[in-house]
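J.: Let me begin by handing over the structure; questions about it come next.
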Amino acid sequence: MSLGAGIVLLAIGAILAYAVNVQVSFVDLHTVGYILMAAGAIGIILGIVLISRRRSSVSTSRSSIDPATGDRVRRDVRSDDL
């Protein structure tokens, strides 16, 4: 579930729980609203956790010749973006 879907579920649940005053015989809309709000809150939390865990790394390698010894030198650098 993405962050946007969690926000949508939270909003629809709040509308059903607090703004709708319709009585339906086969389901309680207030309870459905609370359930959707809980699912939306869990979706938002999971979305934030998954976004914070994404990392990308860049690896760079350079090779050159050491002027003093004439040996080939290779340098590998890896950086992580947070």
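We label chains A, B, ... in the order they appear in the structure tokens, count residues from 1 in each chain, and number ligands from 1 in the order shown.
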Quick check for you: according to DSSP on this backbone, which residues of chain A are classed as strand (DSSP E or B)? Reply as a list of chain:residue names.
T.: A:Ser56, A:Ser57, A:Val58, A:Ser59, A:Thr60, A:Ser61, A:Arg62, A:Ser63, A:Ser64, A:Ile65, A:Arg72, A:Val73, A:Arg74, A:Arg75, A:Asp76, A:Val77, A:Arg78, A:Ser79, A:Asp80, A:Asp81
J.: Could you write out, as a PyMOL selection string, all the residues of chain A that DSSP marks as helix (DSSP H, G or I)?
T.: chain A and resi 3-19+29-53
J.: Which one of A:Ile12, A:Ala39, A:Thr60, A:Gly6 sits closest to Val77 of chain A if you count only C-alpha atoms?
T.: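 Residue with the minimum atom-to-atom distance to Val77 of chain A: A:Thr60.
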J.: Closest to Ser57 of chain A among A:Ser79, A:Ile42, A:Thr69, A:Ala11, using only C-alpha atoms?
T.: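 So, comparing all the options, the nearest one is A:Ser79.
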J.: Skip Asp76 of chain A itself and residues of its chain fewer than 3 positions away, then list as a PyMOL selection string all residues within 8 Å of it, counting only C-alpha atoms.
T.: chain A and resi 59-62
J.: Go ahead and write the residues just picked, N, CA and C atoms, as a CSV table (one decimal), in the first residue's frame.
T.:
```csv
chain,number,residue,atom,x,y,z
A,59,SER,N,28.8,3.9,-7.2
A,59,SER,CA,30.2,3.4,-7.1
A,59,SER,C,31.0,4.0,-8.2
A,60,THR,N,32.2,4.5,-7.9
A,60,THR,CA,33.1,5.2,-8.8
A,60,THR,C,34.5,4.6,-8.7
A,61,SER,N,35.1,4.3,-9.8
A,61,SER,CA,36.4,3.8,-9.8
A,61,SER,C,37.3,4.6,-10.7
A,62,ARG,N,38.5,4.9,-10.2
A,62,ARG,CA,39.5,5.7,-11.0
A,62,ARG,C,40.8,4.9,-11.0
```
J.: Grab the atom CA of Ala41 of chain A to atom CA of Leu9 of chain A distance for me, in Å with one decimal place.
T.: 8.2 Å
J.: Suppose you want the space between atom CA of Arg78 of chain A and atom CA of Leu46 of chain A; what is it in Å?
T.: 28.8 Å
J.: Need to verify the contact set: Ala38 of chain A, 9 Å, only C-alpha atoms, exclusion of same-chain residues closer than 4 positions in sequence. Can you return it as a list in words?
T.: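 Residues meeting the cut-off are Leu9, Leu10, Gly13, Gly33, Tyr34, Ile42 and Gly43 of chain A.
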J.: How would the residues just chosen look if you wrote them out with N, CA and C atoms as a PDB file, in the first residue's frame?
T.:
```
ATOM      1  N   LEU A   9      -7.666   6.208   2.213  1.00  0.00           N
ATOM      2  CA  LEU A   9      -8.445   5.378   3.127  1.00  0.00           C
ATOM      3  C   LEU A   9      -8.774   6.119   4.419  1.00  0.00           C
ATOM      4  N   LEU A  10      -7.817   6.860   4.923  1.00  0.00           N
ATOM      5  CA  LEU A  10      -8.050   7.640   6.137  1.00  0.00           C
ATOM      6  C   LEU A  10      -9.135   8.691   5.914  1.00  0.00           C
ATOM      7  N   GLY A  13     -12.577   6.975   5.463  1.00  0.00           N
ATOM      8  CA  GLY A  13     -13.019   6.484   6.766  1.00  0.00           C
ATOM      9  C   GLY A  13     -13.511   7.596   7.669  1.00  0.00           C
ATOM     10  N   GLY A  33     -16.250   3.105   8.832  1.00  0.00           N
ATOM     11  CA  GLY A  33     -15.396   4.287   8.802  1.00  0.00           C
ATOM     12  C   GLY A  33     -14.210   4.172   9.733  1.00  0.00           C
ATOM     13  N   TYR A  34     -14.448   3.669  10.945  1.00  0.00           N
ATOM     14  CA  TYR A  34     -13.340   3.489  11.888  1.00  0.00           C
ATOM     15  C   TYR A  34     -12.345   2.440  11.392  1.00  0.00           C
ATOM     16  N   ILE A  42      -2.423   2.699   9.318  1.00  0.00           N
ATOM     17  CA  ILE A  42      -1.390   1.664   9.167  1.00  0.00           C
ATOM     18  C   ILE A  42      -0.689   1.810   7.815  1.00  0.00           C
ATOM     19  N   GLY A  43      -1.462   2.114   6.760  1.00  0.00           N
ATOM     20  CA  GLY A  43      -0.868   2.310   5.440  1.00  0.00           C
ATOM     21  C   GLY A  43       0.066   3.503   5.393  1.00  0.00           C
TER      22      GLY A  43
END
```
J.: Please report the interatomic distance between atom CA of Val20 of chain A and atom CA of Leu3 of chain A in Å with one decimal.
T.: 24.9 Å
J.: Kindly indicate which residue among A:Val58, A:Ile44, A:Val49, A:Leu29 lies nearest to Ile15 of chain A, using only C-alpha atoms for the distances.
T.: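 Of A:Val58, A:Ile44, A:Val49, A:Leu29, the one nearest Ile15 of chain A is A:Leu29, counting only C-alpha atoms.
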J.: Which one is closest to Ala14 of chain A: A:His30, A:Pro67, A:Arg75, A:Arg54? Count only C-alpha atoms.
T.: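 The answer is A:His30, which sits nearest to Ala14 of chain A.
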